[in-house]
$ cat work_33.tsv   # TSV, C-alpha atoms
chain	number	residue	atom	x	y	z
A	1	MET	CA	-10.24	7.79	9.84
A	2	LYS	CA	-7.12	8.36	11.91
A	3	ASP	CA	-5.63	5.54	13.97
A	4	ALA	CA	-5.97	7.51	17.21
A	5	GLN	CA	-9.69	7.91	16.61
A	6	ILE	CA	-10.08	4.15	16.27
A	7	GLN	CA	-8.20	3.40	19.46
A	8	ASP	CA	-10.19	5.97	21.49
A	9	MET	CA	-13.64	4.67	20.55
A	10	PRO	CA	-15.72	3.97	23.71
A	11	MET	CA	-16.65	0.41	24.63
A	12	GLN	CA	-20.32	-0.43	24.06
A	13	ASN	CA	-22.60	-3.29	25.03
A	14	VAL	CA	-21.78	-6.88	24.07
A	15	LEU	CA	-22.94	-7.58	20.50
A	16	LEU	CA	-21.52	-11.06	19.89
A	17	GLU	CA	-20.43	-13.67	22.42
A	18	ILE	CA	-18.99	-17.02	21.34
A	19	LYS	CA	-18.84	-19.69	24.04
A	20	GLY	CA	-16.97	-22.97	23.65
A	21	LEU	CA	-17.37	-23.04	19.87
A	22	LYS	CA	-16.22	-26.29	18.31
A	23	THR	CA	-16.53	-26.71	14.53
A	24	SER	CA	-15.58	-30.15	13.26
A	25	PHE	CA	-14.98	-31.87	9.93
A	26	ARG	CA	-15.52	-35.59	9.32
A	27	ILE	CA	-13.39	-36.88	6.46
A	28	PHE	CA	-12.56	-40.24	4.96
A	29	ALA	CA	-9.04	-41.29	5.94
A	30	GLY	CA	-8.53	-44.41	3.86
A	31	LYS	CA	-8.08	-47.74	5.64
A	32	SER	CA	-8.70	-46.14	9.04
A	33	GLY	CA	-12.17	-45.11	7.94
A	34	PHE	CA	-13.70	-41.77	8.80
A	35	GLN	CA	-11.85	-39.36	11.05
A	36	THR	CA	-13.13	-36.24	12.81
A	37	PHE	CA	-10.98	-33.21	13.56
A	38	ASN	CA	-11.75	-29.81	15.05
A	39	ALA	CA	-10.98	-26.78	12.88
A	40	VAL	CA	-12.26	-24.59	15.72
A	41	ASP	CA	-11.62	-26.12	19.11
A	42	GLY	CA	-13.36	-24.52	22.08
A	43	VAL	CA	-13.14	-20.84	21.13
A	44	ASP	CA	-14.45	-18.19	23.54
A	45	PHE	CA	-14.71	-14.70	22.07
A	46	THR	CA	-16.59	-11.47	22.83
A	47	LEU	CA	-17.26	-8.51	20.54
A	48	HIS	CA	-18.81	-5.23	21.66
A	49	GLU	CA	-20.98	-2.86	19.67
A	50	GLN	CA	-18.97	-0.60	17.33
A	51	GLU	CA	-15.75	-2.45	18.21
A	52	ILE	CA	-13.12	-3.39	15.61
A	53	VAL	CA	-11.31	-6.64	16.43
A	54	GLY	CA	-8.64	-8.54	14.49
A	55	LEU	CA	-8.54	-12.34	14.26
A	56	VAL	CA	-4.98	-13.26	13.27
A	57	GLY	CA	-3.01	-16.41	12.48
A	58	GLU	CA	-1.48	-18.59	9.78
A	59	SER	CA	-3.56	-20.45	7.22
A	60	GLY	CA	-5.25	-23.42	8.84
A	61	GLY	CA	-5.53	-21.75	12.23
A	62	GLY	CA	-9.33	-21.68	12.21
A	63	LYS	CA	-9.90	-17.96	11.62
A	64	SER	CA	-12.12	-18.18	8.56
A	65	VAL	CA	-13.99	-21.21	9.90
A	66	THR	CA	-14.80	-19.17	13.01
A	67	GLY	CA	-16.21	-16.39	10.84
A	68	PHE	CA	-18.22	-18.79	8.70
A	69	SER	CA	-19.52	-20.49	11.85
A	70	VAL	CA	-20.99	-17.22	13.10
A	71	LEU	CA	-23.11	-17.02	9.93
A	72	ARG	CA	-23.69	-20.78	9.93
A	73	LEU	CA	-22.14	-21.16	6.49
A	74	ILE	CA	-20.34	-24.42	7.28
A	75	ASP	CA	-21.03	-26.97	4.55
A	76	PRO	CA	-20.71	-30.78	4.91
A	77	PRO	CA	-18.53	-32.56	5.82
A	78	GLY	CA	-18.16	-29.73	8.31
A	79	TYR	CA	-20.58	-29.07	11.16
A	80	ILE	CA	-20.80	-27.07	14.39
A	81	ALA	CA	-20.42	-29.70	17.09
A	82	GLU	CA	-20.61	-27.69	20.31
A	83	GLY	CA	-20.94	-24.23	21.79
A	84	GLU	CA	-23.08	-21.12	21.65
A	85	ILE	CA	-23.00	-18.13	19.30
A	86	LEU	CA	-24.95	-15.40	21.07
A	87	TYR	CA	-25.82	-12.45	18.86
A	88	ARG	CA	-27.55	-9.71	20.89
A	89	GLY	CA	-28.27	-12.37	23.49
A	90	GLU	CA	-29.87	-14.90	21.12
A	91	ASP	CA	-28.17	-18.16	20.17
A	92	LEU	CA	-27.74	-18.30	16.39
A	93	LEU	CA	-27.27	-22.06	16.58
A	94	LYS	CA	-30.91	-22.38	17.61
A	95	LYS	CA	-32.24	-20.35	14.69
A	96	THR	CA	-33.96	-21.98	11.73
A	97	GLU	CA	-32.42	-21.64	8.28
A	98	ALA	CA	-35.22	-19.21	7.33
A	99	GLU	CA	-34.36	-17.04	10.34
A	100	MET	CA	-30.66	-17.13	9.45
A	101	ARG	CA	-31.41	-15.97	5.90
A	102	ARG	CA	-33.04	-12.87	7.39
A	103	ILE	CA	-30.02	-12.28	9.62
A	104	ARG	CA	-27.38	-12.74	6.90
A	105	GLY	CA	-26.86	-9.44	5.12
A	106	ARG	CA	-29.33	-7.57	7.34
A	107	GLU	CA	-27.83	-8.04	10.80
A	108	ILE	CA	-24.50	-9.69	9.99
A	109	ALA	CA	-22.73	-9.21	6.66
A	110	MET	CA	-19.53	-10.71	5.28
A	111	ILE	CA	-16.79	-9.39	3.02
A	112	PHE	CA	-15.19	-12.41	1.32
A	113	GLN	CA	-11.50	-12.59	0.51
A	114	ASP	CA	-11.78	-12.94	-3.27
A	115	PRO	CA	-14.18	-10.36	-4.72
A	116	MET	CA	-14.13	-11.99	-8.16
A	117	THR	CA	-15.69	-15.18	-6.79
A	118	ALA	CA	-17.93	-13.37	-4.29
A	119	LEU	CA	-19.97	-11.74	-7.07
A	120	ASN	CA	-22.14	-13.37	-9.71
A	121	PRO	CA	-20.51	-12.82	-13.13
A	122	LEU	CA	-23.93	-13.05	-14.85
A	123	HIS	CA	-25.40	-9.95	-13.19
A	124	THR	CA	-24.36	-6.31	-13.18
A	125	VAL	CA	-22.97	-4.88	-9.96
A	126	GLY	CA	-25.98	-2.56	-9.70
A	127	ARG	CA	-28.39	-5.48	-9.78
A	128	GLN	CA	-26.41	-7.33	-7.11
A	129	ILE	CA	-26.47	-4.35	-4.76
A	130	GLU	CA	-30.17	-3.88	-5.40
A	131	GLU	CA	-30.83	-7.55	-4.67
A	132	THR	CA	-29.49	-7.10	-1.12
A	133	LEU	CA	-31.68	-4.03	-0.70
A	134	ARG	CA	-34.72	-5.89	-2.05
A	135	LEU	CA	-34.26	-8.75	0.42
A	136	HIS	CA	-33.53	-6.70	3.53
A	137	THR	CA	-35.16	-3.27	3.17
A	138	PRO	CA	-38.65	-1.94	2.31
A	139	LEU	CA	-37.30	0.30	-0.47
A	140	GLY	CA	-39.06	0.44	-3.83
A	141	ALA	CA	-37.37	-0.14	-7.19
A	142	ARG	CA	-36.49	3.52	-7.77
A	143	GLN	CA	-35.26	3.96	-4.20
A	144	ARG	CA	-33.12	0.85	-4.48
A	145	ARG	CA	-31.49	2.21	-7.61
A	146	ASP	CA	-30.76	5.54	-5.92
A	147	LYS	CA	-29.40	3.78	-2.83
A	148	ALA	CA	-27.14	1.53	-4.94
A	149	LEU	CA	-25.74	4.63	-6.65
A	150	SER	CA	-25.18	6.30	-3.27
A	151	LEU	CA	-23.34	3.24	-1.95
A	152	LEU	CA	-20.98	3.07	-4.93
A	153	GLN	CA	-20.20	6.76	-4.46
A	154	GLU	CA	-19.65	6.19	-0.74
A	155	VAL	CA	-16.96	3.55	-1.34
A	156	GLY	CA	-15.17	5.68	-3.91
A	157	ILE	CA	-16.22	4.18	-7.25
A	158	PRO	CA	-15.66	6.83	-9.97
A	159	ASN	CA	-18.49	7.46	-12.46
A	160	ALA	CA	-20.79	5.49	-10.19
A	161	GLY	CA	-23.88	6.11	-12.33
A	162	GLU	CA	-22.31	4.41	-15.33
A	163	ARG	CA	-20.67	1.65	-13.27
A	164	LEU	CA	-24.02	0.45	-11.95
A	165	SER	CA	-24.58	-1.17	-15.34
A	166	ALA	CA	-21.09	-2.68	-15.55
A	167	TRP	CA	-20.28	-6.36	-15.10
A	168	PRO	CA	-17.87	-7.71	-12.44
A	169	HIS	CA	-15.18	-8.59	-15.00
A	170	GLN	CA	-15.04	-4.93	-16.04
A	171	PHE	CA	-13.66	-3.87	-12.63
A	172	SER	CA	-10.13	-4.09	-11.27
A	173	GLY	CA	-9.54	-6.11	-8.11
A	174	GLY	CA	-9.48	-3.02	-5.89
A	175	MET	CA	-12.65	-1.56	-7.41
A	176	LEU	CA	-14.37	-4.93	-7.21
A	177	GLN	CA	-13.60	-5.19	-3.50
A	178	ARG	CA	-15.14	-1.73	-3.08
A	179	VAL	CA	-18.30	-3.10	-4.68
A	180	VAL	CA	-18.32	-6.00	-2.21
A	181	ILE	CA	-17.92	-3.51	0.65
A	182	ALA	CA	-20.87	-1.52	-0.73
A	183	ILE	CA	-23.01	-4.67	-0.76
A	184	SER	CA	-22.03	-5.50	2.82
A	185	LEU	CA	-23.07	-2.00	3.95
A	186	ALA	CA	-26.31	-1.91	1.94
A	187	ALA	CA	-28.71	-2.99	4.70
A	188	ARG	CA	-26.73	-1.24	7.47
A	189	PRO	CA	-25.80	-4.42	9.41
A	190	ARG	CA	-24.67	-4.23	13.03
A	191	LEU	CA	-21.76	-6.62	12.43
A	192	ILE	CA	-19.44	-7.09	9.43
A	193	ILE	CA	-17.00	-10.00	9.16
A	194	ALA	CA	-14.16	-9.26	6.73
A	195	ASP	CA	-12.36	-12.46	5.71
A	196	GLU	CA	-8.88	-11.58	4.39
A	197	PRO	CA	-10.37	-8.65	2.42
A	198	THR	CA	-7.05	-7.55	0.90
A	199	THR	CA	-5.50	-10.94	0.01
A	200	ALA	CA	-6.36	-10.75	-3.71
A	201	LEU	CA	-5.36	-7.08	-4.05
A	202	ASP	CA	-2.20	-5.33	-5.12
A	203	VAL	CA	-0.15	-4.20	-2.13
A	204	THR	CA	-0.51	-0.56	-3.20
A	205	VAL	CA	-4.28	-0.60	-2.64
A	206	GLN	CA	-4.42	-2.81	0.47
A	207	ALA	CA	-4.08	0.07	2.93
A	208	GLN	CA	-6.74	2.07	1.06
A	209	ILE	CA	-9.23	-0.80	1.28
A	210	LEU	CA	-8.51	-1.51	4.96
A	211	HIS	CA	-9.02	2.08	6.00
A	212	LEU	CA	-12.08	2.35	3.77
A	213	ILE	CA	-13.62	-0.65	5.57
A	214	ALA	CA	-12.76	0.74	9.01
A	215	ASP	CA	-14.03	4.22	8.13
A	216	ARG	CA	-17.31	3.01	6.62
A	217	VAL	CA	-17.94	0.55	9.45
A	218	THR	CA	-17.43	3.30	12.02
A	219	THR	CA	-19.57	5.77	10.07
A	220	HIS	CA	-22.41	3.24	9.90
A	221	GLY	CA	-22.07	2.45	13.63
A	222	ALA	CA	-21.28	-1.23	13.01
A	223	ALA	CA	-18.79	-3.63	14.61
A	224	LEU	CA	-16.08	-5.40	12.58
A	225	ILE	CA	-14.19	-8.67	12.84
A	226	LEU	CA	-11.15	-8.41	10.57
A	227	ILE	CA	-9.73	-11.85	9.72
A	228	THR	CA	-6.13	-11.80	8.46
A	229	HIS	CA	-2.82	-13.67	8.58
A	230	ASP	CA	-0.85	-10.44	8.98
A	231	LEU	CA	-0.44	-8.67	12.33
A	232	ALA	CA	0.83	-5.61	10.48
A	233	VAL	CA	-2.58	-5.29	8.83
A	234	VAL	CA	-4.43	-4.95	12.14
A	235	ALA	CA	-1.91	-2.58	13.74
A	236	GLY	CA	-3.50	0.69	12.65
A	237	VAL	CA	-7.09	-0.48	12.20
A	238	THR	CA	-8.24	-2.58	15.18
A	239	GLN	CA	-8.79	-1.88	18.85
A	240	ARG	CA	-8.28	-5.46	20.00
A	241	VAL	CA	-6.69	-8.57	18.52
A	242	ALA	CA	-7.03	-12.32	19.05
A	243	VAL	CA	-4.29	-14.65	17.76
A	244	MET	CA	-5.36	-18.16	16.68
A	245	TYR	CA	-3.30	-21.31	16.26
A	246	CYS	CA	-4.62	-24.80	15.45
A	247	GLY	CA	-8.22	-23.89	16.17
A	248	LYS	CA	-7.61	-22.14	19.48
A	249	ILE	CA	-7.12	-18.54	20.59
A	250	VAL	CA	-3.63	-18.41	22.12
A	251	GLU	CA	-3.44	-14.69	22.91
A	252	GLU	CA	-5.91	-11.84	23.14
A	253	GLY	CA	-5.74	-8.21	24.21
A	254	PRO	CA	-5.62	-4.55	23.15
A	255	THR	CA	-3.87	-4.27	19.79
A	256	ASP	CA	-1.09	-1.92	20.95
A	257	ALA	CA	-0.30	-4.09	23.98
A	258	VAL	CA	-0.17	-7.32	21.97
A	259	ILE	CA	2.02	-5.81	19.26
A	260	HIS	CA	4.46	-4.03	21.58
A	261	SER	CA	4.67	-6.72	24.30
A	262	PRO	CA	3.54	-10.09	22.91
A	263	LEU	CA	3.16	-12.79	25.55
A	264	HIS	CA	2.80	-15.96	23.47
A	265	PRO	CA	5.86	-17.25	21.53
A	266	TYR	CA	3.68	-17.75	18.46
A	267	THR	CA	2.66	-14.09	18.50
A	268	ARG	CA	6.32	-13.10	18.83
A	269	GLY	CA	7.16	-15.30	15.86
A	270	LEU	CA	4.51	-13.62	13.70
A	271	LEU	CA	5.75	-10.17	14.65
A	272	ASN	CA	9.41	-11.06	14.05
A	273	SER	CA	8.57	-12.18	10.51
A	274	ILE	CA	7.32	-8.71	9.54
A	275	PRO	CA	9.96	-6.81	7.53
A	276	HIS	CA	11.11	-3.45	8.93
A	277	MET	CA	11.51	-0.35	6.78
A	278	THR	CA	14.53	0.90	8.74
A	279	GLY	CA	17.70	-0.64	10.16
A	280	ARG	CA	19.97	-3.30	8.72
A	281	ARG	CA	18.67	-5.38	5.84
A	282	GLU	CA	19.04	-8.97	6.90
A	283	ARG	CA	17.27	-12.29	6.58
A	284	LEU	CA	13.98	-12.34	8.45
A	285	PRO	CA	13.63	-14.85	11.28
A	286	GLN	CA	11.05	-17.55	10.71
A	287	ILE	CA	8.98	-19.85	12.88
A	288	PRO	CA	10.59	-23.30	12.51
A	289	GLY	CA	8.58	-26.25	11.26
A	290	ILE	CA	5.07	-26.22	9.86
A	291	VAL	CA	1.56	-26.00	11.25
A	292	PRO	CA	0.61	-29.54	12.34
A	293	SER	CA	-2.29	-31.35	10.74
A	294	LEU	CA	-5.52	-30.79	12.65
A	295	ALA	CA	-6.21	-34.49	12.18
A	296	ASN	CA	-2.99	-35.37	14.04
A	297	LEU	CA	-2.21	-32.71	16.63
A	298	PRO	CA	0.68	-33.26	19.05
A	299	GLU	CA	0.01	-33.96	22.71
A	300	GLY	CA	0.07	-30.92	24.97
A	301	CYS	CA	0.44	-27.45	23.50
A	302	SER	CA	-0.02	-27.54	19.71
A	303	PHE	CA	2.76	-24.99	19.27
A	304	ALA	CA	5.29	-26.87	21.42
A	305	PRO	CA	7.06	-28.65	18.46
A	306	ARG	CA	7.83	-25.23	16.93
A	307	CYS	CA	8.37	-23.25	20.13
A	308	PRO	CA	11.96	-22.24	21.11
A	309	ASP	CA	10.89	-21.96	24.77
A	310	ALA	CA	9.00	-25.26	25.08
A	311	GLU	CA	9.44	-27.24	28.29
A	312	ASP	CA	8.48	-30.77	29.20
A	313	ARG	CA	5.15	-29.64	30.66
A	314	CYS	CA	4.32	-27.89	27.37
A	315	ARG	CA	4.57	-31.25	25.59
A	316	ARG	CA	2.43	-33.02	28.18
A	317	HIS	CA	-0.35	-30.56	29.00
A	318	SER	CA	-2.21	-28.02	26.86
A	319	PRO	CA	-2.55	-24.65	28.66
A	320	ALA	CA	-5.98	-23.00	28.76
A	321	LEU	CA	-6.53	-19.40	27.69
A	322	ARG	CA	-6.45	-17.41	30.92
A	323	SER	CA	-6.50	-13.82	32.10
A	324	LEU	CA	-3.25	-12.55	33.57
A	325	ALA	CA	-2.99	-11.94	37.29
A	326	LEU	CA	-2.99	-8.34	38.56
A	327	ARG	CA	0.77	-8.28	39.06
A	328	SER	CA	1.36	-9.42	35.47
A	329	ARG	CA	-0.91	-6.68	34.10
A	330	ALA	CA	0.96	-4.04	36.07
A	331	LEU	CA	4.30	-5.26	34.77
A	332	CYS	CA	3.46	-5.18	31.09
A	333	GLY	CA	0.50	-2.81	30.82
A	334	ALA	CA	-1.66	-5.71	29.74
A	335	ASP	CA	-5.08	-4.73	31.07
A	336	GLY	CA	-7.66	-7.16	29.69
A	337	ARG	CA	-5.12	-9.56	28.20
A	338	LYS	CA	-5.36	-13.33	27.96
A	339	VAL	CA	-2.78	-15.92	26.98
A	340	ALA	CA	-2.57	-19.70	26.61
A	341	CYS	CA	1.05	-20.39	27.56
A	342	TRP	CA	2.59	-21.99	30.65
A	343	ARG	CA	5.55	-19.61	30.62
A	344	ALA	CA	3.63	-16.34	30.13
A	345	GLY	CA	3.27	-14.38	33.36
A	346	ALA	CA	5.68	-16.67	35.20
A	347	GLU	CA	6.28	-13.91	37.73
A	348	LYS	CA	2.82	-14.39	39.24
A	349	GLU	CA	2.74	-14.90	42.97
A	350	GLY	CA	3.08	-18.55	43.95
A	351	GLU	CA	3.18	-19.73	40.32
A	352	GLY	CA	-0.53	-20.41	40.76
A	353	GLU	CA	-1.14	-21.01	37.07
A	354	ARG	CA	1.17	-24.03	36.75
A	355	GLU	CA	-0.53	-27.26	36.00
A	356	LYS	CA	-0.98	-29.81	38.74
A	357	THR	CA	1.26	-32.78	38.13
$ encode --input "work_33.tsv" --output "structure tokens"
Amino acid sequence: MKDAQIQDMPMQNVLLEIKGLKTSFRIFAGKSGFQTFNAVDGVDFTLHEQEIVGLVGESGGGKSVTGFSVLRLIDPPGYIAEGEILYRGEDLLKKTEAEMRRIRGREIAMIFQDPMTALNPLHTVGRQIEETLRLHTPLGARQRRDKALSLLQEVGIPNAGERLSAWPHQFSGGMLQRVVIAISLAARPRLIIADEPTTALDVTVQAQILHLIADRVTTHGAALILITHDLAVVAGVTQRVAVMYCGKIVEEGPTDAVIHSPLHPYTRGLLNSIPHMTGRRERLPQIPGIVPSLANLPEGCSFAPRCPDAEDRCRRHSPALRSLALRSRALCGADGRKVACWRAGAEKEGEGEREKT
């Protein structure tokens, strides 16, 4: 599917709405006893039907935990402390475990980042595809076999009939990820969450897998949340992007607008670290410092210790994610954009967004 086709897809009804999501972990911290920290800290996020959205940030930013929270796959010592996860208007946090088992795979599917660990090494790939079909569709044994064959062909597995009887270790990383994609599409879910789906793959096949996911998701009429650490990955695939740092969304908006006119200094830092194919070959700029521990976050904005533009107010008060004022949107073509930064949109009339001191 061409990039222009992705960007021009019409907006549909709201499929998923996350409100004030807070996912916490309670860990033993030695002499100080148990300590609780928030891996996801008050995230608000909306996804429309048939929309493709990127969730971007460094490791430890809360991206994957957000995805796992949607499917309620958070294991102890983690737990969802607050918020709502509304899927088609119903709060998934109020569902029983039996109800969630019917939703996982059928309504919401996940593509995990390491295909080798996502599949059971003791079963053939054909059996694992058929298992999803057995759980979530009324198909008989023969129909499940035919559907599994069709799915492998759809994701580009050569000699699909023979490969149905192959074991996971007999596939390359790229082919194995195609199998995982086939499993995620088996029951025609409305939403697919892809968690770093190209991390374990050779760089030469990453683009193939990304466009395969986007193409198949669009063909099946599903929505996609693409979780990645690389803004370059989402550039040609997603319609909208949300950037996460230390458990919070710090910038959100249409992909082209965010990439060509980033508003948050963290987003600018991520973009500046992407190597360019043309121009002078020189050392890439880097974001100074390291991501702070979630168990010991700095006061104020979590990015302030690493931010070249930080002011005193940044170190004292944490800015909330807010929509830009009309004048700001007109200046940077940022319709529908949000940012959590005191300095972003400083040209707004009356400086109305400054904190009250």
$ closest_residue --input "work_33.tsv" --among "A:Lys248, A:Lys95, A:His264, A:His229" --to "Val43 (chain A)" --atoms "only C-alpha atoms"
A:Lys248
$ atom_distance --input "work_33.tsv" --atom1 "CA of Glu99 (chain A)" --atom2 "CA of Asp44 (chain A)"
23.9 Å
$ closest_residue --input "work_33.tsv" --among "A:Val40, A:Leu176, A:Leu92, A:Leu284" --to "Leu201 (chain A)" --atoms "only C-alpha atoms"
A:Leu176
$ atom_distance --input "work_33.tsv" --atom1 "CA of Pro285 (chain A)" --atom2 "CA of Asn272 (chain A)"
6.3 Å
$ closest_atom_pairs --input "work_33.tsv" --of "region 99-150 of chain A" --to "region 205-225 of chain A" --cutoff "10 Å" --atoms "all atoms listed in the file" --output "Markdown table"
| residue | atom | partner | partner_atom | distance |
| --- | --- | --- | --- | --- |
| A:Glu107 | CA | A:Ala222 | CA | 9.7 |
| A:Ile108 | CA | A:Ala223 | CA | 9.5 |
| A:Ala109 | CA | A:Leu224 | CA | 9.7 |
| A:Met110 | CA | A:Ile225 | CA | 9.5 |
| A:Ile111 | CA | A:Ile213 | CA | 9.6 |
$ closest_residue --input "work_33.tsv" --among "A:Ser302, A:Arg315, A:Met244, A:Leu16" --to "Asp91 (chain A)" --atoms "only C-alpha atoms"
A:Leu16
$ atom_distance --input "work_33.tsv" --atom1 "CA of Glu299 (chain A)" --atom2 "CA of Cys314 (chain A)"
8.8 Å
$ residues_around --input "work_33.tsv" --residues "Tyr79 (chain A)" --least-positions-apart "2" --cutoff "6 Å" --atoms "all atoms listed in the file" --output "ChimeraX atom specification"
/A:23-24,81
$ residues_around --input "work_33.tsv" --residues "Gly336 (chain A)" --least-positions-apart "3" --cutoff "9 Å" --atoms "all atoms listed in the file" --output "list in words"
Glu252, Gly253, Pro254, Ser323, Leu324 and Arg329 of chain A
$ closest_residue --input "work_33.tsv" --among "A:Gly67, A:Pro292, A:Pro262, A:Gly54" --to "Ala340 (chain A)" --atoms "all atoms listed in the file"
A:Pro262
$ residues_around --input "work_33.tsv" --residues "Val125 (chain A)" --least-positions-apart "2" --cutoff "7 Å" --atoms "all atoms listed in the file" --output "MDAnalysis selection string"
chainID A and resid 123 127:129 164:168
$ closest_residue --input "work_33.tsv" --among "A:Gln113, A:Thr255, A:Thr267, A:Thr228" --to "Val56 (chain A)" --atoms "all atoms listed in the file"
A:Thr228
$ closest_residue --input "work_33.tsv" --among "A:Glu311, A:Asp202, A:Glu17, A:Asp256" --to "Gly89 (chain A)" --atoms "only C-alpha atoms"
A:Glu17
$ closest_atom_pairs --input "work_33.tsv" --of "region 207-255 of chain A" --to "region 295-298 of chain A" --cutoff "12 Å" --atoms "only C-alpha atoms" --output "tab-separated table"
residue	atom	partner	partner_atom	distance
A:Tyr245	CA	A:Leu297	CA	11.5
A:Cys246	CA	A:Leu297	CA	8.4
A:Gly247	CA	A:Leu297	CA	10.7
$ residues_around --input "work_33.tsv" --residues "Leu139 (chain A)" --least-positions-apart "5" --cutoff "12 Å" --atoms "all atoms listed in the file" --output "ChimeraX atom specification"
/A:130-134,144-148,186-187
$ residues_around --input "work_33.tsv" --residues "Ala310 (chain A)" --least-positions-apart "3" --cutoff "10 Å" --atoms "only C-alpha atoms" --output "list in words"
Pro265, Cys301, Phe303, Ala304, Pro305, Arg306, Cys307, Arg313, Cys314, Arg315, Cys341, Trp342 and Arg343 of chain A
$ residues_near_point --input "work_33.tsv" --point "(-19.4, -2.7, -1.5)" --cutoff "10 Å" --atoms "only C-alpha atoms" --output "ChimeraX atom specification"
/A:111,115,125,129,148,151-157,175-186,213
$ residues_near_point --input "work_33.tsv" --point "(12.3, -19.5, 17.6)" --cutoff "7 Å" --atoms "all atoms listed in the file" --output "list of chain:residue names"
A:Gly269, A:Ile287, A:Pro288, A:Cys307, A:Pro308
$ build_atoms --input "work_33.tsv" --residues "region 95-106 of chain A" --atoms "N, CA and C atoms" --output "CSV table (one decimal), keeping the file's coordinate frame"
chain,number,residue,atom,x,y,z
A,95,LYS,N,-31.4,-21.0,15.7
A,95,LYS,CA,-32.2,-20.4,14.7
A,95,LYS,C,-32.5,-21.3,13.6
A,96,THR,N,-33.7,-21.2,12.9
A,96,THR,CA,-34.0,-22.0,11.7
A,96,THR,C,-33.2,-21.4,10.6
A,97,GLU,N,-33.1,-22.1,9.5
A,97,GLU,CA,-32.4,-21.6,8.3
A,97,GLU,C,-33.1,-20.4,7.7
A,98,ALA,N,-34.5,-20.4,7.8
A,98,ALA,CA,-35.2,-19.2,7.3
A,98,ALA,C,-34.9,-18.0,8.2
A,99,GLU,N,-34.7,-18.2,9.5
A,99,GLU,CA,-34.4,-17.0,10.3
A,99,GLU,C,-32.9,-16.6,10.1
A,100,MET,N,-32.0,-17.5,9.8
A,100,MET,CA,-30.7,-17.1,9.4
A,100,MET,C,-30.6,-16.4,8.1
A,101,ARG,N,-31.4,-16.7,7.2
A,101,ARG,CA,-31.4,-16.0,5.9
A,101,ARG,C,-31.8,-14.5,6.1
A,102,ARG,N,-32.7,-14.3,7.1
A,102,ARG,CA,-33.0,-12.9,7.4
A,102,ARG,C,-31.9,-12.1,8.1
A,103,ILE,N,-31.1,-12.9,8.9
A,103,ILE,CA,-30.0,-12.3,9.6
A,103,ILE,C,-28.8,-12.0,8.7
A,104,ARG,N,-28.5,-12.9,7.8
A,104,ARG,CA,-27.4,-12.7,6.9
A,104,ARG,C,-27.6,-11.6,6.0
A,105,GLY,N,-26.7,-10.6,6.0
A,105,GLY,CA,-26.9,-9.4,5.1
A,105,GLY,C,-27.6,-8.3,5.8
A,106,ARG,N,-28.6,-8.6,6.6
A,106,ARG,CA,-29.3,-7.6,7.3
A,106,ARG,C,-28.7,-7.2,8.7
